[in-house]
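Taking it in order: structure first as structure tokens, then the write-up.
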There are 2 protein chains.
Amino acid sequence: MQITILGGGGFLGRKLAARLAHDGALGGEAVTGLTLFDLQEPPAPSAPFPVRCLGGDVADPVQVAKAIPPGTRVVVHLAAVVSAQAEADFDLGLKVNLHGTLAVIQACRTLAAPPRVVFTSSVASFGGGQEARLEDDARQIPGNSYGAEKAAAELLLQDASRRGFLDAVNIRLPTVIIRPGRPNKAASSFVSAILREPLLGLSTDLPVPEDFAVWICSPRRAIDWFLHAMTMDTAPLGLDRGINPPGRSATVGLMLSALESVAGPEARALVRHAPDPGIQAIVEGWPASFTAERARRLLGFSEQESLEEIIQGFIEDDLAATRAERGL
Amino acid sequence: MQITILGGGGFLGRKLAARLAHDGALGGEAVTGLTLFDLQEPPAPSAPFPVRCLGGDVADPVQVAKAIPPGTRVVVHLAAVVSAQAEADFDLGLKVNLHGTLAVIQACRTLAAPPRVVFTSSVASFGGGQEARLEDDARQIPGNSYGAEKAAAELLLQDASRRGFLDAVNIRLPTVIIRPGRPNKAASSFVSAILREPLLGLSTDLPVPEDFAVWICSPRRAIDWFLHAMTMDTAPLGLDRGINPPGRSATVGLMLSALESVAGPEARALVRHAPDPGIQAIVEGWPASFTAERARRLLGFSEQESLEEIIQGFIEDDLAATRAERGL
Ligand SMILES: NC(=O)c1ccc[n+]([C@@H]2O[C@H](COP(=O)([O-])OP(=O)(O)OC[C@H]3O[C@@H](n4cnc5c(N)ncnc54)[C@H](O)[C@@H]3O)[C@@H](O)[C@H]2O)c1
Ligand SMILES: NC(=O)c1ccc[n+]([C@@H]2O[C@H](COP(=O)([O-])OP(=O)(O)OC[C@H]3O[C@@H](n4cnc5c(N)ncnc54)[C@H](O)[C@@H]3O)[C@@H](O)[C@H]2O)c1
């Protein structure tokens, strides 16, 4: 099976590539080749199959077509400009998040057989805010450009699926914690930072109150969902290619308590309250909870770990590499 | 007040231009200029203000910028490739319905003050089918490319409004009957044809059963809604710029009874049953009814006429011109 990961050099793209390299197979079938595509040529994991690494712009149809060669069976489209950056630079967000997806559709359409496309949409494409517990048929009324671009991209991929150009699964990812490396330009960056930075022995700012609730998932679970979405039967989806996966709703206070139970009160003490109205204005619109019934009961998406397990997972998978990357 | 109508040569664009020319004012303010833009240079109504008529492609940002000169206060964006055509030619639909809207956003963004943009989305952006009576918060799950492009365009205009580039009102128009002239490439063309053709003394095909229900409105009401949307206070809309206006749900059988009551049994006898699975496959997904509470109670959109009044309106406004146009 020939696979392409667009945005293969990012947080989740690298993890997915590493997992495929480790497993050597997907859905019981051997992986025969993997293409990783990102702005900068991504690093290749050592794998039992050939790995092609390409640098390029996902908004350029020619480069995207090269990244999705004939015979490609699965495309995982993760390439994106994240929330705060798309808010700061409207044209860049539109280019990457909308025109990039159009380029993916056009490239898939030229293949002899329609490939599975796993697309990562976002909780940020919904409104509702702290009081929300969204049902599966909730409308997307995004309060930020990133979310609007993701929701529009979902509609276009959904239509392309109906037409038989490709076969899309649009996963509206929760905020994935704990993100390794450095703080990034996502408005939700703090949700990882308040756990990661203390685990590195560093202090960090909390821009929202402790009772602020966030819809989260772990990177381990996100990768499990991708693997499931890459091979699942899409017939039960019908026209509706949007999936709200079973994340977890947790307040910042609960996350900090889990941090304390795993790493002690001195870790928690490194988190400083520093309200930031700019960040709050973006994230307070995002819904704090989903029922996620369809993904759970009908579609077989796996449940979330506990907060303690999520923190433990970061320590096992990413803490050492993050230390090394940041020279700590 | 300086106004631009994109798609100003089409069915509703011409009617709106004629109405503005007749009124000379909008919302109590004098119209100081009108630009009509369409693929072919549209005809100018005789008006108490200057009318500029431009031919061009709405997907071309340079031409759209010319159609929306500095000082433009209101843009009515009607330019579109209709449902059956967008289904037959995917690239054309995407170009006009999606990229065209992006060009409108970019042109508006360069103006000193954000203009009101009235955009016509469609009932075809919803699913639900014959059983549906959609609430105002219903999700758009389009079953056709035209609907997907309209829903995506709505999201982008909504976000552009939030950012202050423009101030959009996205009206999801019902099927507007009775369309003058000739049958067109919209899948819903028959809904007008079964009334118009008999009024012209011509026979016509009914591709669906008589108990098939359609969500309709009259052109008179559509124009009233446009005029309202061009000047209404958009503050009550908040983030949500999508409006399901108060159309009317009517079965084909009821429409034919109204035809009979206005034009006699010999008119009704000109309608032949000729089931068409291709047309049915598109239109049977469209919802047959909406509650339209928000538009009715909160936003002041006017109610529909009776079916008999709609037929009478066509006879008064459009029958002679249609006869002349078709050489009858
Ligand atoms: N991590 C989260 O919390 C989260 C939450 C919701 C949705 N998502 C979505 O999941 C996907 C993966 O998330 P992530 O955390 O790995 O993001 P990331 O930012 O780590 O990875 C995205 C990758 O896309 C690449 N990219 C950006 N512009 C590009 C361009 N023009 N051409 C090619 N590549 C380009 C970036 O270089 C980056 O490597 C993204 O689509 C993101 O929007 C992530
Ligand atoms: N009439 C209906 O029943 C109905 C129902 C729902 C939504 N709508 C929407 O309302 C709007 C107006 O409807 P209408 O019935 O007047 O449609 P219409 O087809 O009569 O008018 C649309 C106009 O857009 C023009 N156009 C097409 N491609 C163009 C391009 N590339 N550049 C510039 N102009 C272009 C066409 O020439 C045409 O004059 C459309 O956006 C339509 O999608 C109409």
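Please note that chains go A, B, ... in the order of the structure tokens, that every chain numbers its residues from 1, and that ligands are numbered from 1 in the order shown.
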Residues of chain A within 7 Å of chain B, counting only C-alpha atoms, what are they? List them as a PDB file with C-alpha atoms, in the first residue's frame.
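Result file is result04.pdb:
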ATOM      1  CA  ASP A 137     -25.265  17.224  13.851  1.00  0.00           C
ATOM      2  CA  ALA A 138     -24.047  20.560  15.294  1.00  0.00           C
ATOM      3  CA  ARG A 139     -23.440  23.306  12.742  1.00  0.00           C
ATOM      4  CA  ILE A 141     -20.076  28.442  12.975  1.00  0.00           C
ATOM      5  CA  ASN A 144     -11.755  32.318  13.518  1.00  0.00           C
ATOM      6  CA  SER A 145     -10.383  32.155   9.967  1.00  0.00           C
ATOM      7  CA  ALA A 148     -13.719  28.742   8.585  1.00  0.00           C
ATOM      8  CA  ALA A 152     -14.910  25.025   3.906  1.00  0.00           C
ATOM      9  CA  LEU A 155     -17.292  20.682   2.445  1.00  0.00           C
ATOM     10  CA  LEU A 156     -15.116  20.458  -0.661  1.00  0.00           C
ATOM     11  CA  ASP A 159     -18.321  16.809  -2.238  1.00  0.00           C
ATOM     12  CA  ASP A 240     -21.533  13.126   5.833  1.00  0.00           C
TER      13      ASP A 240
END
Mind listing the residues within 6 Å of ligand 1, only C-alpha atoms and all ligand atoms counted, as a PDB file with C-alpha atoms, in the first residue's frame?
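Dumped to out.pdb:
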ATOM      1  CA  GLY A   7       2.497  18.015   6.406  1.00  0.00           C
ATOM      2  CA  GLY A   9       7.233  17.046   8.943  1.00  0.00           C
ATOM      3  CA  GLY A  10       4.858  18.370  11.596  1.00  0.00           C
ATOM      4  CA  PHE A  11       3.954  17.175  15.084  1.00  0.00           C
ATOM      5  CA  LEU A  12       1.386  14.546  14.089  1.00  0.00           C
ATOM      6  CA  GLY A  13       2.867  13.844  10.648  1.00  0.00           C
ATOM      7  CA  ASP A  38       6.226  19.414   3.943  1.00  0.00           C
ATOM      8  CA  LEU A  39       7.521  22.961   3.435  1.00  0.00           C
ATOM      9  CA  GLY A  56       7.196  21.917  -1.340  1.00  0.00           C
ATOM     10  CA  ASP A  57       4.096  24.061  -0.966  1.00  0.00           C
ATOM     11  CA  VAL A  58       0.758  22.286  -0.578  1.00  0.00           C
ATOM     12  CA  ALA A  59      -0.917  25.226  -2.306  1.00  0.00           C
ATOM     13  CA  LEU A  78      -2.184  17.423   7.701  1.00  0.00           C
ATOM     14  CA  ALA A  79      -0.486  20.407   6.052  1.00  0.00           C
ATOM     15  CA  ALA A  80      -1.927  23.557   7.589  1.00  0.00           C
ATOM     16  CA  VAL A  81      -1.340  27.020   8.905  1.00  0.00           C
ATOM     17  CA  VAL A  82      -2.504  26.947  12.521  1.00  0.00           C
ATOM     18  CA  VAL A  96      -2.566  26.861   2.691  1.00  0.00           C
ATOM     19  CA  THR A 120      -7.662  16.934   9.900  1.00  0.00           C
ATOM     20  CA  SER A 121     -10.279  19.522  10.592  1.00  0.00           C
ATOM     21  CA  SER A 122     -10.543  21.054  14.029  1.00  0.00           C
ATOM     22  CA  LEU A 173      -9.434  16.938  16.013  1.00  0.00           C
ATOM     23  CA  PRO A 174      -9.638  18.182  19.593  1.00  0.00           C
ATOM     24  CA  THR A 175      -6.665  20.137  20.899  1.00  0.00           C
ATOM     25  CA  VAL A 176      -3.916  17.526  20.924  1.00  0.00           C
TER      26      VAL A 176
END
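One distance worth recording is that between atom CA of Gly8 of chain A and atom CA of Leu36 of chain A, which is 4.9 Å.
Close contacts of segment 318-323 of chain A, defined as residues with an atom at most 9 Å away when counting only C-alpha atoms, with chain neighbours fewer than 5 positions off set aside, comprise Ile178, Arg179, Pro180, Gly181, Arg182, Arg196, Leu199, Leu200, Gly313 and Leu328 of chain A.
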Save the residues we just selected, N, CA and C atoms, as a PDB file, in the first residue's frame?
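Below is the file out_17.pdb, written as the result:
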ATOM      1  N   ILE A 178       0.038  16.252  24.852  1.00  0.00           N
ATOM      2  CA  ILE A 178       0.945  17.385  25.029  1.00  0.00           C
ATOM      3  C   ILE A 178       1.806  17.508  23.788  1.00  0.00           C
ATOM      4  N   ARG A 179       1.796  18.653  23.166  1.00  0.00           N
ATOM      5  CA  ARG A 179       2.608  18.899  21.991  1.00  0.00           C
ATOM      6  C   ARG A 179       4.071  19.037  22.415  1.00  0.00           C
ATOM      7  N   PRO A 180       4.996  18.287  21.778  1.00  0.00           N
ATOM      8  CA  PRO A 180       6.413  18.409  22.149  1.00  0.00           C
ATOM      9  C   PRO A 180       7.037  19.672  21.547  1.00  0.00           C
ATOM     10  N   GLY A 181       8.308  19.860  21.817  1.00  0.00           N
ATOM     11  CA  GLY A 181       9.037  20.979  21.219  1.00  0.00           C
ATOM     12  C   GLY A 181       8.764  22.295  21.922  1.00  0.00           C
ATOM     13  N   ARG A 182       8.631  23.337  21.101  1.00  0.00           N
ATOM     14  CA  ARG A 182       8.457  24.689  21.633  1.00  0.00           C
ATOM     15  C   ARG A 182       6.992  25.111  21.552  1.00  0.00           C
ATOM     16  N   ARG A 196       3.789  20.741  29.494  1.00  0.00           N
ATOM     17  CA  ARG A 196       5.126  20.438  28.965  1.00  0.00           C
ATOM     18  C   ARG A 196       6.213  21.250  29.644  1.00  0.00           C
ATOM     19  N   LEU A 199       7.162  20.121  33.050  1.00  0.00           N
ATOM     20  CA  LEU A 199       7.859  18.825  32.982  1.00  0.00           C
ATOM     21  C   LEU A 199       9.309  19.011  32.548  1.00  0.00           C
ATOM     22  N   LEU A 200       9.590  20.137  31.872  1.00  0.00           N
ATOM     23  CA  LEU A 200      10.958  20.483  31.483  1.00  0.00           C
ATOM     24  C   LEU A 200      11.637  21.327  32.561  1.00  0.00           C
ATOM     25  N   GLY A 313       2.343   9.449  28.857  1.00  0.00           N
ATOM     26  CA  GLY A 313       2.659   9.172  27.452  1.00  0.00           C
ATOM     27  C   GLY A 313       3.659  10.177  26.901  1.00  0.00           C
ATOM     28  N   LEU A 328      18.105  21.534  26.590  1.00  0.00           N
ATOM     29  CA  LEU A 328      17.899  21.617  28.049  1.00  0.00           C
ATOM     30  C   LEU A 328      18.609  20.461  28.758  1.00  0.00           C
TER      31      LEU A 328
END
B:Ile315, B:Ala263, B:Leu254, B:Leu134: which is nearest Glu293 of chain B, counting only C-alpha atoms? B:Leu134
Surrounding residues of Glu309 of chain A excluding itself and chain neighbours under 6 positions, 10 Å, only C-alpha atoms, as a PyMOL selection string: chain A and resi 218+258+262+315
For the residues selected in the previous step, produce a file with N, CA and C atoms as a PDB file, in the first residue's frame.
ATOM      1  N   SER A 218      -5.070  12.894  23.156  1.00  0.00           N
ATOM      2  CA  SER A 218      -3.626  12.653  23.210  1.00  0.00           C
ATOM      3  C   SER A 218      -3.103  12.402  21.799  1.00  0.00           C
ATOM      4  N   ALA A 258      -3.590  16.741  37.544  1.00  0.00           N
ATOM      5  CA  ALA A 258      -2.952  15.532  37.001  1.00  0.00           C
ATOM      6  C   ALA A 258      -1.438  15.734  36.919  1.00  0.00           C
ATOM      7  N   VAL A 262       1.430  13.504  38.847  1.00  0.00           N
ATOM      8  CA  VAL A 262       2.509  12.801  38.134  1.00  0.00           C
ATOM      9  C   VAL A 262       3.880  13.386  38.488  1.00  0.00           C
ATOM     10  N   ILE A 315       5.874  11.840  28.678  1.00  0.00           N
ATOM     11  CA  ILE A 315       7.172  11.570  29.312  1.00  0.00           C
ATOM     12  C   ILE A 315       7.871  10.414  28.600  1.00  0.00           C
TER      13      ILE A 315
END
Long-range neighbours of Thr234 of chain A as a compact mmCIF listing (two decimals) with N, CA, C and O atoms, in the first residue's frame, 8 Å cut-off, only C-alpha atoms, 2 positions minimum in chain:
# COMPACT_ATOMS: atom_id res chain seq x y z
N ASP A 167 -12.00 9.60 -1.35
CA ASP A 167 -12.86 8.98 -0.35
C ASP A 167 -12.42 9.54 1.02
O ASP A 167 -11.52 9.01 1.65
N VAL A 169 -12.27 11.15 4.90
CA VAL A 169 -12.69 11.11 6.31
C VAL A 169 -12.16 12.38 6.94
O VAL A 169 -10.94 12.59 7.01
N MET A 232 -10.78 2.34 7.46
CA MET A 232 -12.16 2.02 7.83
C MET A 232 -13.08 1.94 6.62
O MET A 232 -12.81 2.52 5.57
N PRO A 236 -20.71 3.49 5.94
CA PRO A 236 -21.64 4.00 6.97
C PRO A 236 -21.64 5.53 7.09
O PRO A 236 -22.55 6.09 7.70
N LEU A 237 -20.64 6.20 6.52
CA LEU A 237 -20.61 7.67 6.61
C LEU A 237 -21.65 8.31 5.71
O LEU A 237 -22.14 9.40 5.99
N GLY A 238 -21.97 7.65 4.61
CA GLY A 238 -22.87 8.27 3.63
C GLY A 238 -22.28 9.57 3.13
O GLY A 238 -21.06 9.70 2.98
Apply DSSP to the structure's backbone, then extract all residues of segment 6-233 of chain B labelled helix (DSSP H, G or I) and return them as a count of residues only. 94
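Using only C-alpha atoms for every distance, the candidate list B:Ile310, B:Ala65, B:Val31, B:Ala25 yields B:Ile310 as the residue closest to Arg220 of chain B.
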Could you give me, as a PDB file with all heavy atoms, in the first residue's frame, each residue of segment 94-204 of chain A that DSSP assigns to strand (DSSP E) when run on this structure's backbone?
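Output saved as out.pdb:
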ATOM      1  N   ARG A 116      -8.202   6.989  -0.434  1.00  0.00           N
ATOM      2  CA  ARG A 116      -8.692   7.454   0.858  1.00  0.00           C
ATOM      3  C   ARG A 116      -7.941   8.738   1.207  1.00  0.00           C
ATOM      4  O   ARG A 116      -6.714   8.801   1.030  1.00  0.00           O
ATOM      5  CB  ARG A 116      -8.404   6.376   1.922  1.00  0.00           C
ATOM      6  CG  ARG A 116      -8.709   6.796   3.377  1.00  0.00           C
ATOM      7  CD  ARG A 116     -10.178   7.065   3.621  1.00  0.00           C
ATOM      8  NE  ARG A 116     -11.068   6.067   3.068  1.00  0.00           N
ATOM      9  CZ  ARG A 116     -11.433   4.943   3.681  1.00  0.00           C
ATOM     10  NH1 ARG A 116     -11.000   4.690   4.888  1.00  0.00           N
ATOM     11  NH2 ARG A 116     -12.243   4.075   3.098  1.00  0.00           N
ATOM     12  N   VAL A 117      -8.660   9.757   1.655  1.00  0.00           N
ATOM     13  CA  VAL A 117      -8.019  10.976   2.146  1.00  0.00           C
ATOM     14  C   VAL A 117      -8.446  11.193   3.588  1.00  0.00           C
ATOM     15  O   VAL A 117      -9.642  11.286   3.878  1.00  0.00           O
ATOM     16  CB  VAL A 117      -8.403  12.214   1.305  1.00  0.00           C
ATOM     17  CG1 VAL A 117      -7.844  13.494   1.931  1.00  0.00           C
ATOM     18  CG2 VAL A 117      -7.897  12.068  -0.130  1.00  0.00           C
ATOM     19  N   VAL A 118      -7.482  11.215   4.494  1.00  0.00           N
ATOM     20  CA  VAL A 118      -7.778  11.544   5.885  1.00  0.00           C
ATOM     21  C   VAL A 118      -7.385  12.999   6.081  1.00  0.00           C
ATOM     22  O   VAL A 118      -6.220  13.370   5.897  1.00  0.00           O
ATOM     23  CB  VAL A 118      -7.020  10.626   6.863  1.00  0.00           C
ATOM     24  CG1 VAL A 118      -7.289  11.042   8.305  1.00  0.00           C
ATOM     25  CG2 VAL A 118      -7.408   9.167   6.632  1.00  0.00           C
ATOM     26  N   PHE A 119      -8.380  13.814   6.393  1.00  0.00           N
ATOM     27  CA  PHE A 119      -8.158  15.253   6.547  1.00  0.00           C
ATOM     28  C   PHE A 119      -8.387  15.627   8.006  1.00  0.00           C
ATOM     29  O   PHE A 119      -9.327  15.150   8.636  1.00  0.00           O
ATOM     30  CB  PHE A 119      -9.130  16.025   5.654  1.00  0.00           C
ATOM     31  CG  PHE A 119      -9.082  17.518   5.830  1.00  0.00           C
ATOM     32  CD1 PHE A 119      -7.935  18.234   5.495  1.00  0.00           C
ATOM     33  CD2 PHE A 119     -10.176  18.221   6.332  1.00  0.00           C
ATOM     34  CE1 PHE A 119      -7.884  19.624   5.661  1.00  0.00           C
ATOM     35  CE2 PHE A 119     -10.130  19.605   6.493  1.00  0.00           C
ATOM     36  CZ  PHE A 119      -8.979  20.302   6.156  1.00  0.00           C
ATOM     37  N   THR A 120      -7.505  16.486   8.518  1.00  0.00           N
ATOM     38  CA  THR A 120      -7.662  16.934   9.900  1.00  0.00           C
ATOM     39  C   THR A 120      -8.315  18.300   9.942  1.00  0.00           C
ATOM     40  O   THR A 120      -7.688  19.321   9.695  1.00  0.00           O
ATOM     41  CB  THR A 120      -6.296  17.008  10.601  1.00  0.00           C
ATOM     42  OG1 THR A 120      -5.366  17.620   9.702  1.00  0.00           O
ATOM     43  CG2 THR A 120      -5.817  15.645  10.996  1.00  0.00           C
ATOM     44  N   SER A 121      -9.606  18.286  10.252  1.00  0.00           N
ATOM     45  CA  SER A 121     -10.279  19.522  10.592  1.00  0.00           C
ATOM     46  C   SER A 121     -10.116  19.720  12.099  1.00  0.00           C
ATOM     47  O   SER A 121      -9.319  19.018  12.730  1.00  0.00           O
ATOM     48  CB  SER A 121     -11.746  19.445  10.176  1.00  0.00           C
ATOM     49  OG  SER A 121     -12.393  20.674  10.455  1.00  0.00           O
ATOM     50  N   SER A 122     -10.873  20.652  12.655  1.00  0.00           N
ATOM     51  CA  SER A 122     -10.543  21.054  14.029  1.00  0.00           C
ATOM     52  C   SER A 122     -11.772  21.430  14.837  1.00  0.00           C
ATOM     53  O   SER A 122     -12.773  21.928  14.298  1.00  0.00           O
ATOM     54  CB  SER A 122      -9.597  22.250  13.969  1.00  0.00           C
ATOM     55  OG  SER A 122      -9.424  22.809  15.245  1.00  0.00           O
ATOM     56  N   ASP A 167     -12.001   9.603  -1.351  1.00  0.00           N
ATOM     57  CA  ASP A 167     -12.857   8.980  -0.345  1.00  0.00           C
ATOM     58  C   ASP A 167     -12.419   9.541   1.015  1.00  0.00           C
ATOM     59  O   ASP A 167     -11.524   9.009   1.653  1.00  0.00           O
ATOM     60  CB  ASP A 167     -12.659   7.462  -0.448  1.00  0.00           C
ATOM     61  CG  ASP A 167     -13.541   6.664   0.486  1.00  0.00           C
ATOM     62  OD1 ASP A 167     -14.555   7.207   0.964  1.00  0.00           O
ATOM     63  OD2 ASP A 167     -13.202   5.495   0.748  1.00  0.00           O
ATOM     64  N   ALA A 168     -13.046  10.654   1.416  1.00  0.00           N
ATOM     65  CA  ALA A 168     -12.528  11.448   2.536  1.00  0.00           C
ATOM     66  C   ALA A 168     -13.114  11.059   3.885  1.00  0.00           C
ATOM     67  O   ALA A 168     -14.280  10.693   3.992  1.00  0.00           O
ATOM     68  CB  ALA A 168     -12.802  12.931   2.293  1.00  0.00           C
ATOM     69  N   VAL A 169     -12.266  11.151   4.904  1.00  0.00           N
ATOM     70  CA  VAL A 169     -12.691  11.108   6.305  1.00  0.00           C
ATOM     71  C   VAL A 169     -12.157  12.384   6.943  1.00  0.00           C
ATOM     72  O   VAL A 169     -10.941  12.590   7.010  1.00  0.00           O
ATOM     73  CB  VAL A 169     -12.132   9.870   7.035  1.00  0.00           C
ATOM     74  CG1 VAL A 169     -12.604   9.850   8.486  1.00  0.00           C
ATOM     75  CG2 VAL A 169     -12.527   8.581   6.320  1.00  0.00           C
ATOM     76  N   ASN A 170     -13.064  13.264   7.342  1.00  0.00           N
ATOM     77  CA  ASN A 170     -12.680  14.561   7.905  1.00  0.00           C
ATOM     78  C   ASN A 170     -12.783  14.502   9.423  1.00  0.00           C
ATOM     79  O   ASN A 170     -13.873  14.535   9.976  1.00  0.00           O
ATOM     80  CB  ASN A 170     -13.599  15.656   7.378  1.00  0.00           C
ATOM     81  CG  ASN A 170     -13.511  15.832   5.868  1.00  0.00           C
ATOM     82  OD1 ASN A 170     -12.435  15.676   5.282  1.00  0.00           O
ATOM     83  ND2 ASN A 170     -14.633  16.142   5.228  1.00  0.00           N
ATOM     84  N   ILE A 171     -11.642  14.420  10.084  1.00  0.00           N
ATOM     85  CA  ILE A 171     -11.635  14.281  11.543  1.00  0.00           C
ATOM     86  C   ILE A 171     -11.469  15.653  12.184  1.00  0.00           C
ATOM     87  O   ILE A 171     -10.440  16.314  11.992  1.00  0.00           O
ATOM     88  CB  ILE A 171     -10.490  13.361  12.008  1.00  0.00           C
ATOM     89  CG1 ILE A 171     -10.596  11.998  11.309  1.00  0.00           C
ATOM     90  CG2 ILE A 171     -10.508  13.195  13.518  1.00  0.00           C
ATOM     91  CD1 ILE A 171      -9.494  11.028  11.706  1.00  0.00           C
ATOM     92  N   ARG A 172     -12.476  16.089  12.946  1.00  0.00           N
ATOM     93  CA  ARG A 172     -12.358  17.364  13.651  1.00  0.00           C
ATOM     94  C   ARG A 172     -11.598  17.120  14.946  1.00  0.00           C
ATOM     95  O   ARG A 172     -12.195  16.834  15.987  1.00  0.00           O
ATOM     96  CB  ARG A 172     -13.726  17.935  13.978  1.00  0.00           C
ATOM     97  CG  ARG A 172     -14.522  18.458  12.793  1.00  0.00           C
ATOM     98  CD  ARG A 172     -15.386  17.409  12.145  1.00  0.00           C
ATOM     99  NE  ARG A 172     -16.291  17.973  11.156  1.00  0.00           N
ATOM    100  CZ  ARG A 172     -17.617  17.873  11.254  1.00  0.00           C
ATOM    101  NH1 ARG A 172     -18.184  17.259  12.269  1.00  0.00           N
ATOM    102  NH2 ARG A 172     -18.371  18.401  10.310  1.00  0.00           N
ATOM    103  N   LEU A 173     -10.282  17.247  14.870  1.00  0.00           N
ATOM    104  CA  LEU A 173      -9.434  16.938  16.013  1.00  0.00           C
ATOM    105  C   LEU A 173      -9.688  17.880  17.179  1.00  0.00           C
ATOM    106  O   LEU A 173      -9.815  19.088  16.990  1.00  0.00           O
ATOM    107  CB  LEU A 173      -7.963  17.066  15.637  1.00  0.00           C
ATOM    108  CG  LEU A 173      -7.281  15.919  14.913  1.00  0.00           C
ATOM    109  CD1 LEU A 173      -5.803  16.267  14.738  1.00  0.00           C
ATOM    110  CD2 LEU A 173      -7.420  14.600  15.660  1.00  0.00           C
ATOM    111  N   THR A 175      -8.011  19.639  20.643  1.00  0.00           N
ATOM    112  CA  THR A 175      -6.665  20.137  20.899  1.00  0.00           C
ATOM    113  C   THR A 175      -5.810  18.965  21.377  1.00  0.00           C
ATOM    114  O   THR A 175      -6.151  18.305  22.351  1.00  0.00           O
ATOM    115  CB  THR A 175      -6.709  21.246  21.968  1.00  0.00           C
ATOM    116  OG1 THR A 175      -7.440  22.352  21.414  1.00  0.00           O
ATOM    117  CG2 THR A 175      -5.317  21.707  22.346  1.00  0.00           C
ATOM    118  N   VAL A 176      -4.735  18.702  20.620  1.00  0.00           N
ATOM    119  CA  VAL A 176      -3.916  17.526  20.924  1.00  0.00           C
ATOM    120  C   VAL A 176      -2.859  17.910  21.956  1.00  0.00           C
ATOM    121  O   VAL A 176      -2.047  18.812  21.708  1.00  0.00           O
ATOM    122  CB  VAL A 176      -3.230  16.982  19.656  1.00  0.00           C
ATOM    123  CG1 VAL A 176      -2.504  15.673  19.980  1.00  0.00           C
ATOM    124  CG2 VAL A 176      -4.250  16.766  18.535  1.00  0.00           C
ATOM    125  N   THR A 204       5.758  28.821  32.982  1.00  0.00           N
ATOM    126  CA  THR A 204       4.930  29.095  31.804  1.00  0.00           C
ATOM    127  C   THR A 204       3.701  29.878  32.220  1.00  0.00           C
ATOM    128  O   THR A 204       3.310  29.870  33.391  1.00  0.00           O
ATOM    129  CB  THR A 204       4.533  27.769  31.116  1.00  0.00           C
ATOM    130  OG1 THR A 204       3.888  28.059  29.877  1.00  0.00           O
ATOM    131  CG2 THR A 204       3.569  26.966  31.976  1.00  0.00           C
TER     132      THR A 204
END
Determine, counting only C-alpha atoms, which protein, DNA and RNA residues have an atom within 12 Å of an atom of Phe49 of chain B; residues of the same chain fewer than 3 positions away are not included. Present the result as a PyMOL selection string. chain B and resi 1-3+17+20-25+30-35+44-46+52
For Ala267 of chain B: contacts at 9 Å, only C-alpha atoms, fewer than 3 positions along chain excluded, given as JSON, numbers by chain: {"B": [195, 197, 198, 199, 200, 201, 202, 203, 256, 259, 260, 263, 264, 270, 271]}
Pick out the closest residue to Ala103 of chain B from this set: B:Phe212, B:Gly285, B:Gln280, B:Val64. Count only C-alpha atoms. B:Val64
